[in-house]
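As stored in target-v4.txt (compact mmCIF, C-alpha atoms):
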# COMPACT_ATOMS: atom_id res chain seq x y z
CA MET A 48 152.60 60.33 63.93
CA SER A 49 151.35 60.46 60.37
CA GLU A 50 147.87 59.85 59.11
CA THR A 51 146.77 56.56 57.62
CA THR A 52 143.91 55.69 55.32
CA TYR A 53 141.12 53.70 56.91
CA SER A 54 138.12 52.07 55.25
CA LEU A 55 134.83 52.06 57.04
CA THR A 56 131.38 51.07 55.89
CA VAL A 57 129.02 53.55 57.49
CA ASN A 58 125.27 53.10 57.12
CA GLY A 59 125.87 50.78 54.21
CA LYS A 60 128.19 53.14 52.35
CA LYS A 61 131.94 52.56 51.98
CA HIS A 62 134.21 55.41 52.99
CA SER A 63 137.95 56.01 52.93
CA VAL A 64 139.25 58.42 55.54
CA ARG A 65 142.70 59.74 56.28
CA ALA A 66 143.19 60.06 60.00
CA HIS A 67 145.60 59.62 62.86
CA PRO A 68 145.11 56.12 64.28
CA MET A 69 144.14 57.44 67.69
CA GLU A 70 141.46 59.76 66.33
CA ARG A 71 138.18 58.92 68.03
CA LEU A 72 135.63 57.20 65.81
CA LEU A 73 133.24 59.86 67.11
CA ASP A 74 135.36 62.56 65.47
CA THR A 75 135.81 60.57 62.27
CA LEU A 76 132.03 60.34 61.96
CA ARG A 77 131.31 63.94 62.85
CA GLU A 78 134.26 65.80 61.31
CA ASP A 79 135.46 63.64 58.44
CA LEU A 80 132.13 62.18 57.34
CA LYS A 81 129.94 65.09 58.46
CA LEU A 82 127.56 62.71 60.24
CA THR A 83 126.76 64.95 63.16
CA GLY A 84 123.85 62.94 64.49
CA THR A 85 126.21 61.17 66.88
CA LYS A 86 126.87 63.52 69.79
CA GLU A 87 129.63 64.08 72.30
CA GLY A 88 128.24 64.33 75.83
CA CYS A 89 131.10 63.48 78.13
CA GLY A 90 134.13 62.32 76.14
CA GLU A 91 134.76 59.51 78.62
CA GLY A 92 132.32 56.71 77.84
CA GLU A 93 129.81 57.48 80.59
CA CYS A 94 126.83 59.10 78.89
CA GLY A 95 126.14 57.14 75.71
CA ALA A 96 125.40 60.21 73.56
CA CYS A 97 128.06 58.95 71.16
CA SER A 98 126.53 55.46 70.81
CA VAL A 99 126.93 53.72 67.46
CA ILE A 100 126.68 50.10 66.39
CA LEU A 101 130.13 48.82 65.44
CA ASP A 102 130.30 45.40 63.79
CA GLY A 103 126.90 44.65 65.26
CA LYS A 104 127.74 45.73 68.80
CA LEU A 105 126.64 48.82 70.70
CA VAL A 106 129.70 50.93 71.55
CA ASN A 107 130.64 54.39 72.73
CA SER A 108 132.33 55.88 69.67
CA CYS A 109 134.30 58.30 71.87
CA LEU A 110 136.22 55.30 73.16
CA VAL A 111 137.03 53.67 69.81
CA PRO A 112 140.20 54.77 68.02
CA VAL A 113 139.51 54.86 64.27
CA ALA A 114 142.41 52.46 63.69
CA GLN A 115 140.36 49.76 65.42
CA ALA A 116 137.39 50.49 63.14
CA HIS A 117 139.35 49.82 59.98
CA ARG A 118 137.33 47.51 57.70
CA SER A 119 134.44 47.65 60.16
CA THR A 120 130.74 48.28 59.72
CA VAL A 121 129.21 51.21 61.54
CA ILE A 122 125.58 52.15 61.98
CA THR A 123 124.87 55.66 63.20
CA ILE A 124 121.56 57.36 63.91
CA GLU A 125 121.55 58.61 60.33
CA GLY A 126 121.34 54.99 59.23
CA ILE A 127 118.26 54.23 61.29
CA GLY A 128 114.92 55.06 59.69
CA GLU A 129 116.46 56.72 56.65
CA LYS A 130 113.30 56.45 54.56
CA THR A 131 110.60 55.91 57.17
CA LEU A 132 110.88 56.17 60.92
CA THR A 133 111.36 52.83 62.60
CA PRO A 134 108.81 51.71 65.22
CA ILE A 135 111.26 52.75 67.95
CA GLN A 136 111.62 56.24 66.48
CA GLN A 137 107.85 56.60 65.98
CA CYS A 138 107.21 55.55 69.57
CA PHE A 139 109.73 58.10 70.87
CA LEU A 140 107.57 60.71 69.13
CA ASP A 141 104.29 59.22 70.31
CA CYS A 142 105.32 58.62 73.93
CA GLY A 143 107.33 61.75 74.67
CA GLY A 144 110.64 59.89 74.69
CA THR A 145 112.48 62.97 73.52
CA GLN A 146 112.61 66.51 74.92
CA CYS A 147 115.75 68.47 74.13
CA GLY A 148 116.91 65.66 71.88
CA ILE A 149 120.60 65.55 72.76
CA CYS A 150 120.46 62.02 74.21
CA THR A 151 118.00 60.85 71.57
CA PRO A 152 120.38 59.66 68.85
CA GLY A 153 122.26 57.58 71.43
CA MET A 154 119.05 56.27 72.96
CA ILE A 155 117.64 55.27 69.56
CA VAL A 156 120.90 53.57 68.58
CA ALA A 157 121.03 51.71 71.89
CA ALA A 158 117.36 50.72 71.67
CA THR A 159 117.84 49.60 68.07
CA ALA A 160 120.80 47.45 69.11
CA TYR A 161 118.59 45.99 71.85
CA ALA A 162 115.83 45.16 69.39
CA LYS A 163 118.32 43.68 66.90
CA GLN A 164 119.56 41.18 69.40
CA GLY A 165 116.06 40.07 70.33
CA GLY A 166 115.50 42.31 73.34
CA GLN A 167 112.23 41.70 75.14
CA ALA A 168 109.52 44.26 75.84
CA ASN A 169 110.03 44.38 79.59
CA SER A 170 111.08 47.42 81.57
CA VAL A 171 113.78 45.73 83.65
CA SER A 172 115.68 44.42 80.64
CA ILE A 173 115.25 47.66 78.73
CA ARG A 174 116.56 49.66 81.68
CA GLU A 175 119.56 47.40 82.00
CA TRP A 176 120.36 47.71 78.31
CA LEU A 177 119.93 51.49 78.25
CA ALA A 178 121.82 52.02 81.52
CA GLY A 179 124.74 53.46 79.58
CA ASN A 180 122.64 56.23 78.07
CA LEU A 181 121.97 59.28 80.23
CA CYS A 182 119.08 61.74 79.81
CA ARG A 183 118.81 65.01 81.70
CA CYS A 184 115.28 65.88 80.61
CA THR A 185 112.77 63.06 80.61
CA GLY A 186 113.43 61.18 83.82
CA TYR A 187 113.68 58.03 81.64
CA ALA A 188 110.09 56.81 82.16
CA GLN A 189 108.92 57.93 78.72
CA ILE A 190 112.06 56.57 77.10
CA ILE A 191 111.54 53.13 78.60
CA GLU A 192 107.87 53.30 77.62
CA SER A 193 108.77 54.26 74.04
CA VAL A 194 111.08 51.30 73.65
CA LYS A 195 108.64 48.94 75.32
CA LYS A 196 105.74 50.02 73.09
CA ALA A 197 107.88 49.69 69.99
CA LEU A 198 108.87 46.15 70.89
CA GLN A 199 105.28 45.24 71.71
CA ARG A 200 104.23 46.67 68.35
CA LYS A 201 106.87 44.55 66.66
CA LYS A 202 105.46 41.40 68.21
CA ARG A 203 102.07 42.00 66.67
CA MET B 96 138.67 66.90 74.76
CA ARG B 97 142.33 67.20 75.54
CA GLY B 98 143.68 64.27 73.56
CA ILE B 99 145.93 65.17 70.64
CA ALA B 100 145.64 62.23 68.25
CA SER B 101 148.76 63.19 66.26
CA ASP B 102 150.92 62.62 69.38
CA PHE B 103 150.12 58.92 69.36
CA ASN B 104 150.58 55.85 67.27
CA LEU B 105 148.39 52.74 67.30
CA VAL B 106 149.39 49.91 65.04
CA THR B 107 147.80 46.56 64.37
CA ALA B 108 149.53 43.18 64.38
CA LYS B 109 148.67 39.96 62.59
CA ASN B 110 149.37 37.69 65.51
CA LEU B 111 150.72 37.45 69.05
CA LEU B 112 154.34 37.09 67.92
CA GLU B 113 154.17 40.40 66.07
CA VAL B 114 152.67 41.98 69.17
CA LEU B 115 155.45 40.63 71.39
CA ASN B 116 158.11 41.95 69.01
CA LEU B 117 156.49 45.37 69.15
CA LEU B 118 156.33 45.24 72.96
CA LYS B 119 160.07 44.62 72.90
CA GLU B 120 160.43 47.77 70.81
CA GLY B 121 158.62 49.81 73.44
CA TYR B 122 155.03 49.61 72.26
CA SER B 123 152.29 49.13 74.86
CA PRO B 124 149.25 46.85 74.61
CA PHE B 125 145.91 48.43 73.68
CA ALA B 126 142.92 46.12 73.94
CA GLY B 127 139.34 47.44 74.01
CA GLY B 128 140.39 51.00 74.79
CA THR B 129 137.73 51.65 77.43
CA ASP B 130 140.36 52.71 79.98
CA LEU B 131 143.14 54.02 77.75
CA MET B 132 140.86 56.24 75.64
CA VAL B 133 139.52 57.89 78.79
CA LEU B 134 143.09 58.80 79.74
CA PHE B 135 143.73 59.94 76.17
CA GLU B 136 140.71 62.23 76.22
CA ALA B 137 141.78 63.67 79.56
CA GLY B 138 145.17 64.45 78.07
CA ILE B 139 147.03 62.19 80.52
CA LEU B 140 147.79 59.07 78.51
CA ALA B 141 151.46 58.58 79.30
CA LYS B 142 152.68 56.08 76.72
CA LYS B 143 152.63 57.18 73.09
CA LYS B 144 153.04 54.00 71.02
CA TYR B 145 150.46 51.25 71.12
CA VAL B 146 149.76 47.94 69.45
CA SER B 147 146.15 46.84 69.17
CA LEU B 148 145.23 43.48 70.69
CA TRP B 149 141.64 43.79 69.52
CA GLY B 150 140.27 40.59 68.00
CA LEU B 151 143.57 38.72 68.00
CA ARG B 152 142.63 35.05 67.97
CA ASP B 153 145.64 34.14 70.11
CA LEU B 154 144.29 36.33 72.90
CA CYS B 155 140.52 35.86 72.65
CA GLY B 156 138.25 33.03 73.55
CA ILE B 157 136.96 30.92 76.40
CA ARG B 158 138.18 27.36 76.75
CA ILE B 159 136.42 25.03 79.18
CA GLU B 160 138.78 22.32 80.32
CA LYS B 161 138.32 19.52 82.80
CA GLU B 162 139.69 21.29 85.85
CA SER B 163 139.77 24.92 84.84
CA VAL B 164 138.54 27.52 82.42
CA ILE B 165 141.01 29.54 80.39
CA ILE B 166 139.91 32.95 79.15
CA GLY B 167 141.96 34.87 76.61
CA ALA B 168 143.00 38.23 78.04
CA ALA B 169 141.53 40.22 75.14
CA THR B 170 138.11 38.61 75.56
CA PRO B 171 135.45 41.32 75.91
CA PHE B 172 133.18 41.19 78.96
CA THR B 173 130.16 40.56 76.72
CA ASP B 174 131.66 37.26 75.58
CA VAL B 175 132.12 36.27 79.21
CA ILE B 176 128.52 37.21 80.02
CA GLU B 177 127.08 35.29 77.07
CA ASN B 178 129.01 32.09 77.73
CA ARG B 179 126.60 29.46 79.06
CA SER B 180 129.29 27.32 80.65
CA LEU B 181 130.69 30.25 82.58
CA ALA B 182 127.19 31.13 83.80
CA ARG B 183 126.94 27.65 85.25
CA LEU B 184 130.47 27.39 86.61
CA PHE B 185 131.13 30.96 87.78
CA PRO B 186 127.88 32.92 88.28
CA ASP B 187 129.87 35.46 90.32
CA LEU B 188 132.12 36.18 87.34
CA ILE B 189 129.06 36.83 85.17
CA GLN B 190 127.53 39.03 87.84
CA ALA B 191 130.71 41.09 88.06
CA ALA B 192 130.97 41.43 84.28
CA LYS B 193 127.34 42.57 84.13
CA VAL B 194 127.91 45.44 86.55
CA THR B 195 131.01 46.61 84.74
CA GLY B 196 130.23 49.94 83.08
CA SER B 197 127.38 49.47 80.65
CA LYS B 198 126.54 47.29 77.66
CA ALA B 199 128.58 49.55 75.39
CA ILE B 200 131.55 49.27 77.75
CA GLN B 201 131.15 45.49 78.10
CA ASN B 202 131.22 45.12 74.33
CA ARG B 203 134.71 46.64 74.19
CA GLY B 204 136.26 46.31 77.62
CA THR B 205 138.32 43.15 78.07
CA ILE B 206 138.97 41.03 81.13
CA GLY B 207 142.75 41.29 80.70
CA GLY B 208 142.66 45.03 80.14
CA ASN B 209 140.61 45.44 83.31
CA ILE B 210 143.24 43.50 85.29
CA ALA B 211 146.20 45.31 83.72
CA ASN B 212 144.63 48.74 84.32
CA ALA B 213 144.89 47.79 88.02
CA SER B 214 142.19 50.06 89.37
CA PRO B 215 141.66 49.25 93.06
CA ALA B 216 137.92 49.53 92.34
CA ALA B 217 137.76 47.06 89.46
CA ASP B 218 134.66 44.84 89.50
CA THR B 219 135.90 41.49 88.20
CA PRO B 220 139.28 41.19 89.96
CA PRO B 221 137.76 40.44 93.39
CA VAL B 222 136.09 37.39 91.83
CA LEU B 223 139.42 36.30 90.38
CA LEU B 224 140.97 36.66 93.82
CA ALA B 225 138.19 34.69 95.49
CA ARG B 226 138.52 32.00 92.84
CA ARG B 227 142.32 31.94 93.14
CA ALA B 228 142.77 32.57 89.43
CA GLN B 229 146.11 32.51 87.68
CA LEU B 230 147.43 34.83 85.02
CA GLU B 231 149.57 33.91 82.06
CA LEU B 232 152.12 36.62 81.38
CA THR B 233 153.79 36.47 77.99
CA SER B 234 156.73 38.17 76.31
CA LEU B 235 159.23 37.27 73.58
CA SER B 236 161.15 35.36 76.25
CA GLY B 237 158.19 33.07 76.84
CA SER B 238 155.18 32.64 79.08
CA ARG B 239 154.88 32.29 82.82
CA TRP B 240 151.91 31.63 85.06
CA ILE B 241 151.53 33.49 88.33
CA GLU B 242 148.87 33.50 91.01
CA TYR B 243 146.64 36.52 90.46
CA ARG B 244 147.01 37.06 94.21
CA ASP B 245 150.67 37.90 93.50
CA PHE B 246 149.96 40.28 90.61
CA HIS B 247 149.28 43.57 92.39
CA LEU B 248 152.28 44.99 94.24
CA ASP B 249 151.04 48.48 95.08
CA TYR B 250 148.67 51.13 93.72
CA LYS B 251 148.83 50.75 89.91
CA LYS B 252 152.05 48.77 90.26
CA THR B 253 151.92 45.21 89.01
CA ALA B 254 154.19 42.22 88.45
CA LEU B 255 154.11 42.76 84.67
CA ARG B 256 157.57 43.24 83.17
CA GLU B 257 158.24 46.02 80.66
CA ASP B 258 157.76 43.88 77.56
CA GLU B 259 155.08 41.54 78.93
CA LEU B 260 151.37 41.37 78.51
CA ILE B 261 148.64 39.34 80.19
CA SER B 262 147.74 36.64 77.67
CA ALA B 263 145.26 34.50 79.58
CA ILE B 264 143.40 34.00 82.83
CA ARG B 265 142.91 30.54 84.27
CA ILE B 266 140.16 29.91 86.78
CA PRO B 267 140.08 26.54 88.57
CA ILE B 268 136.72 24.79 88.59
CA ARG B 269 135.40 23.87 92.01
CA SER B 270 132.07 22.23 92.59
CA LYS B 271 129.61 22.56 95.44
CA MET B 272 130.78 26.02 96.45
CA HIS B 273 128.70 28.74 98.03
CA VAL B 274 129.18 31.92 96.08
CA TYR B 275 128.72 35.59 96.95
CA TYR B 276 129.25 38.78 94.99
CA ARG B 277 128.23 42.25 96.03
CA LYS B 278 129.15 45.56 94.47
CA VAL B 279 128.06 48.68 96.31
CA GLY B 280 127.94 51.85 94.25
CA THR B 281 125.79 54.86 93.52
CA ARG B 282 123.77 53.10 90.83
CA ASN B 283 123.44 49.76 89.08
CA ALA B 284 125.52 50.67 86.05
CA GLN B 285 128.35 53.02 85.14
CA ALA B 286 129.33 53.32 88.78
CA ILE B 287 132.79 52.96 90.24
CA SER B 288 132.30 50.93 93.39
CA LYS B 289 132.54 52.11 96.96
CA VAL B 290 133.00 48.51 98.09
CA VAL B 291 133.14 45.19 96.26
CA LEU B 292 133.21 41.83 98.01
CA SER B 293 133.43 38.45 96.34
CA SER B 294 133.62 35.14 98.14
CA VAL B 295 133.60 31.43 97.45
CA ALA B 296 133.23 28.95 100.29
CA ARG B 297 132.89 25.27 100.92
CA PHE B 298 130.60 24.93 103.87
CA SER B 299 128.97 21.89 105.38
CA LYS B 300 127.35 20.94 108.65
CA GLY B 301 128.05 24.34 110.13
CA LEU B 302 131.75 24.14 109.35
CA VAL B 303 133.73 26.40 107.04
CA GLU B 304 135.83 23.85 105.18
CA ASP B 305 137.37 26.44 102.91
CA ILE B 306 136.75 30.08 102.16
CA SER B 307 138.36 32.65 99.93
CA ILE B 308 137.51 36.33 99.74
CA GLY B 309 138.44 39.11 97.33
CA VAL B 310 137.64 42.78 97.88
CA GLY B 311 137.81 45.98 95.93
CA SER B 312 137.86 49.69 96.71
CA VAL B 313 139.17 49.11 100.22
CA ALA B 314 142.89 48.86 99.50
CA PRO B 315 145.35 50.29 96.94
CA PHE B 316 144.58 47.33 94.67
CA PRO B 317 142.08 44.45 94.52
CA LYS B 318 142.92 42.39 97.57
CA ALA B 319 142.52 38.92 98.99
CA CYS B 320 141.41 38.83 102.63
CA THR B 321 143.99 36.33 103.85
CA ALA B 322 143.62 37.13 107.56
CA VAL B 323 139.87 36.53 107.41
CA GLU B 324 140.41 33.38 105.37
CA SER B 325 142.88 31.95 107.90
CA PHE B 326 140.61 32.88 110.78
CA LEU B 327 137.53 31.21 109.30
CA GLN B 328 139.27 28.08 108.09
CA GLY B 329 137.86 25.05 109.87
CA LYS B 330 135.67 27.13 112.18
CA HIS B 331 132.04 26.55 113.05
CA LEU B 332 130.01 29.56 111.97
CA THR B 333 128.57 30.78 115.23
CA GLU B 334 127.31 34.28 115.93
CA GLU B 335 130.44 34.80 117.97
CA VAL B 336 132.70 33.84 115.07
CA ILE B 337 130.83 36.11 112.66
CA ALA B 338 131.21 38.99 115.12
CA LYS B 339 134.89 38.28 115.73
CA VAL B 340 135.74 38.03 112.01
CA GLN B 341 134.95 41.74 111.58
CA GLY B 342 138.06 42.50 113.55
CA GLU B 343 140.09 40.20 111.31
CA LEU B 344 138.84 42.13 108.28
CA LEU B 345 140.61 45.22 109.61
CA LYS B 346 143.91 43.38 109.18
CA ASP B 347 143.22 42.83 105.47
CA ILE B 348 141.85 46.14 104.27
CA SER B 349 142.84 49.78 104.45
CA PRO B 350 139.87 51.85 103.23
CA ILE B 351 140.35 55.57 102.72
CA ASP B 352 138.36 58.75 102.34
CA ASP B 353 138.17 59.81 98.71
CA ILE B 354 135.78 61.50 96.30
CA ARG B 355 133.53 58.47 96.21
CA SER B 356 133.23 57.45 99.83
CA THR B 357 134.72 57.51 103.31
CA ARG B 358 136.90 55.17 105.30
CA SER B 359 134.21 54.51 107.89
CA TYR B 360 131.47 53.82 105.32
CA ARG B 361 133.67 51.46 103.35
CA LEU B 362 134.75 49.60 106.46
CA ARG B 363 131.19 49.23 107.72
CA VAL B 364 129.80 48.13 104.36
CA ALA B 365 132.65 45.64 103.80
CA GLN B 366 131.91 44.18 107.22
CA ASN B 367 128.21 44.05 106.39
CA CYS B 368 128.83 42.25 103.10
CA LEU B 369 131.01 39.68 104.83
CA ALA B 370 128.42 39.16 107.56
CA ASP B 371 125.72 38.98 104.90
CA PHE B 372 127.49 36.09 103.21
CA LEU B 373 128.39 34.25 106.39
CA GLU B 374 124.84 34.58 107.75
CA SER B 375 123.49 33.15 104.51
CA LEU B 376 125.67 30.09 105.01
CA ARG B 377 124.39 29.37 108.51
Could you render the structure as structure tokens?
Amino acid sequence: MSETTYSLTVNGKKHSVRAHPMERLLDTLREDLKLTGTKEGCGEGECGACSVILDGKLVNSCLVPVAQAHRSTVITIEGIGEKTLTPIQQCFLDCGGTQCGICTPGMIVAATAYAKQGGQANSVSIREWLAGNLCRCTGYAQIIESVKKALQRKKR
Amino acid sequence: MRGIASDFNLVTAKNLLEVLNLLKEGYSPFAGGTDLMVLFEAGILAKKKYVSLWGLRDLCGIRIEKESVIIGAATPFTDVIENRSLARLFPDLIQAAKVTGSKAIQNRGTIGGNIANASPAADTPPVLLARRAQLELTSLSGSRWIEYRDFHLDYKKTALREDELISAIRIPIRSKMHVYYRKVGTRNAQAISKVVLSSVARFSKGLVEDISIGVGSVAPFPKACTAVESFLQGKHLTEEVIAKVQGELLKDISPIDDIRSTRSYRLRVAQNCLADFLESLR
């Protein structure tokens, strides 16, 4: 099948890409747009390392064919805290929410999506929201704490 | 990643009619992609030509009517979860949607896609069985409604014709029902179940007036427990009846050993879930 031209607005910037319709949005971001902050962890929608915000919704970009992202808005980790770190990002640094860093872009994107839709600073809700993001290093406690602190900070 | 994107085509359509025309030409439906893309990435996606159902107004939406709710097949699970009327009418449906995958999966996975994918372990289908839902199947030739209980014929074999898609799900509204939903898996999210049991019952003064039960992961497809239902109909829920019904369950399910669990575990846990519900009614 031949390639088609797709328009995507990524981190506020409009892009035109030529791709096969079934190409994963993950690959469009990483290979075509050179936005390598979004990671591939499992290639089957289980780990959340590829998390992006598509048209305002948290998604696994490894499961989105680029054809379905035509004329859509995408926020990747590169689009979060471009000038200054957001409270969530700062708290990840302050609370040890990141160790090797591979899950971190996905975690930050997921946490940001949570905050955007009015997520509350309580561990149970945060855990539920981040359940699709796996971490092999931290044991999650510091990640949950980072998000919780950031949301508490926001309230003040 | 074994998927070769250039081997596939995925087109968009303006409306349902365009979709149906494409289905007639041999295209297959592609909704949220949370099942099909996994197959694609594993290099085992069989069909090569797809038409996207994503966001098609004809196939999305939740309509609350007087006696039933009609959900468009391409409605993502998140829309189901966030619908206040559904939370009131079908808390079991919401519960099932909430344990499906993860938030990211729920934002893309659709209720119709989940049904059509026909995994025996699917989370929402047992609720649809317990609630005696109906499916609208549509092609260029027209639409037909069937009982969801008649949809699954065998493992990954359904009543869908070659050029048909699921267009809507209708769930009858019933008041004053006792409701139960339990999914047993390795964790609270992103887990394929070992056992799922969903039940809706009308129970009063110790008598089971009506009960319907749907189960998952204990048969080649999501299954209604018709032997148990017949047995319990009109019975007083005594300890003896609850003990005896476990034997009836064996007539309805055929759990197996597989990578996720064993036959004996699944049988025992299914029996426990059933007893759990019945005890709570007493």
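Within 12 Å of Gly128 (chain A), once only C-alpha atoms are used and residues closer than 5 positions along the same chain are dropped, the contacting residues are Asn58, Ile122, Thr123, Thr133, Pro134, Ile135, Gln136, Gln137, Pro152, Ile155, Val156 and Thr159 of chain A.
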Residues of chain A within 9 Å of chain B, all atoms listed in the file counted, as a PDB file with C-alpha atoms, in the coordinates of the input:
ATOM      1  CA  MET A  48     152.600  60.330  63.930  1.00  0.00           C
ATOM      2  CA  SER A  49     151.350  60.460  60.370  1.00  0.00           C
ATOM      3  CA  GLU A  50     147.870  59.850  59.110  1.00  0.00           C
ATOM      4  CA  ALA A  66     143.190  60.060  60.000  1.00  0.00           C
ATOM      5  CA  HIS A  67     145.600  59.620  62.860  1.00  0.00           C
ATOM      6  CA  PRO A  68     145.110  56.120  64.280  1.00  0.00           C
ATOM      7  CA  MET A  69     144.140  57.440  67.690  1.00  0.00           C
ATOM      8  CA  GLU A  70     141.460  59.760  66.330  1.00  0.00           C
ATOM      9  CA  ARG A  71     138.180  58.920  68.030  1.00  0.00           C
ATOM     10  CA  CYS A  89     131.100  63.480  78.130  1.00  0.00           C
ATOM     11  CA  GLY A  90     134.130  62.320  76.140  1.00  0.00           C
ATOM     12  CA  GLU A  91     134.760  59.510  78.620  1.00  0.00           C
ATOM     13  CA  GLY A  92     132.320  56.710  77.840  1.00  0.00           C
ATOM     14  CA  GLU A  93     129.810  57.480  80.590  1.00  0.00           C
ATOM     15  CA  CYS A  94     126.830  59.100  78.890  1.00  0.00           C
ATOM     16  CA  GLY A  95     126.140  57.140  75.710  1.00  0.00           C
ATOM     17  CA  SER A  98     126.530  55.460  70.810  1.00  0.00           C
ATOM     18  CA  LYS A 104     127.740  45.730  68.800  1.00  0.00           C
ATOM     19  CA  LEU A 105     126.640  48.820  70.700  1.00  0.00           C
ATOM     20  CA  VAL A 106     129.700  50.930  71.550  1.00  0.00           C
ATOM     21  CA  ASN A 107     130.640  54.390  72.730  1.00  0.00           C
ATOM     22  CA  CYS A 109     134.300  58.300  71.870  1.00  0.00           C
ATOM     23  CA  LEU A 110     136.220  55.300  73.160  1.00  0.00           C
ATOM     24  CA  VAL A 111     137.030  53.670  69.810  1.00  0.00           C
ATOM     25  CA  PRO A 112     140.200  54.770  68.020  1.00  0.00           C
ATOM     26  CA  ALA A 114     142.410  52.460  63.690  1.00  0.00           C
ATOM     27  CA  GLN A 115     140.360  49.760  65.420  1.00  0.00           C
ATOM     28  CA  ALA A 157     121.030  51.710  71.890  1.00  0.00           C
ATOM     29  CA  GLU A 175     119.560  47.400  82.000  1.00  0.00           C
ATOM     30  CA  TRP A 176     120.360  47.710  78.310  1.00  0.00           C
ATOM     31  CA  LEU A 177     119.930  51.490  78.250  1.00  0.00           C
ATOM     32  CA  ALA A 178     121.820  52.020  81.520  1.00  0.00           C
ATOM     33  CA  GLY A 179     124.740  53.460  79.580  1.00  0.00           C
ATOM     34  CA  ASN A 180     122.640  56.230  78.070  1.00  0.00           C
TER      35      ASN A 180
END
Write out as JSON an axis-aligned box for region 206-214 of chain B: all of its atoms listed in the file, 8 Å added on each side, centre and edge lengths in Å with one decimal.
{"center_x": 142.6, "center_y": 45.5, "center_z": 84.8, "size_x": 23.2, "size_y": 25.0, "size_z": 25.2}
*Work out how far CA of Ile241 (chain B) is from CA of Thr170 (chain B), in Å to one decimal.*
19.2 Å
*Find the residues near Lys119 (chain B): any atom within 12 Å, counting only C-alpha atoms, skip ones fewer than 6 places away on the same chain, and give them as a list in words.*
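Neighbouring residues, sequence-local ones excluded: Leu112, Glu113, Lys144, Tyr145, Val146, Thr233, Ser234, Leu235, Ser236, Arg256, Glu257, Asp258, Glu259 and Leu260 of chain B.
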Just the selected residues (C-alpha atoms), exported as a tab-separated table (two decimals), in the coordinates of the input, please.
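Output below, filename selection.tsv:
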chain	number	residue	atom	x	y	z
B	112	LEU	CA	154.34	37.09	67.92
B	113	GLU	CA	154.17	40.40	66.07
B	144	LYS	CA	153.04	54.00	71.02
B	145	TYR	CA	150.46	51.25	71.12
B	146	VAL	CA	149.76	47.94	69.45
B	233	THR	CA	153.79	36.47	77.99
B	234	SER	CA	156.73	38.17	76.31
B	235	LEU	CA	159.23	37.27	73.58
B	236	SER	CA	161.15	35.36	76.25
B	256	ARG	CA	157.57	43.24	83.17
B	257	GLU	CA	158.24	46.02	80.66
B	258	ASP	CA	157.76	43.88	77.56
B	259	GLU	CA	155.08	41.54	78.93
B	260	LEU	CA	151.37	41.37	78.51
*Can you tell me how far CA of Leu362 (chain B) sits from CA of Gly342 (chain B), in Å to one decimal?*
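Those two atoms sit 10.6 Å apart.
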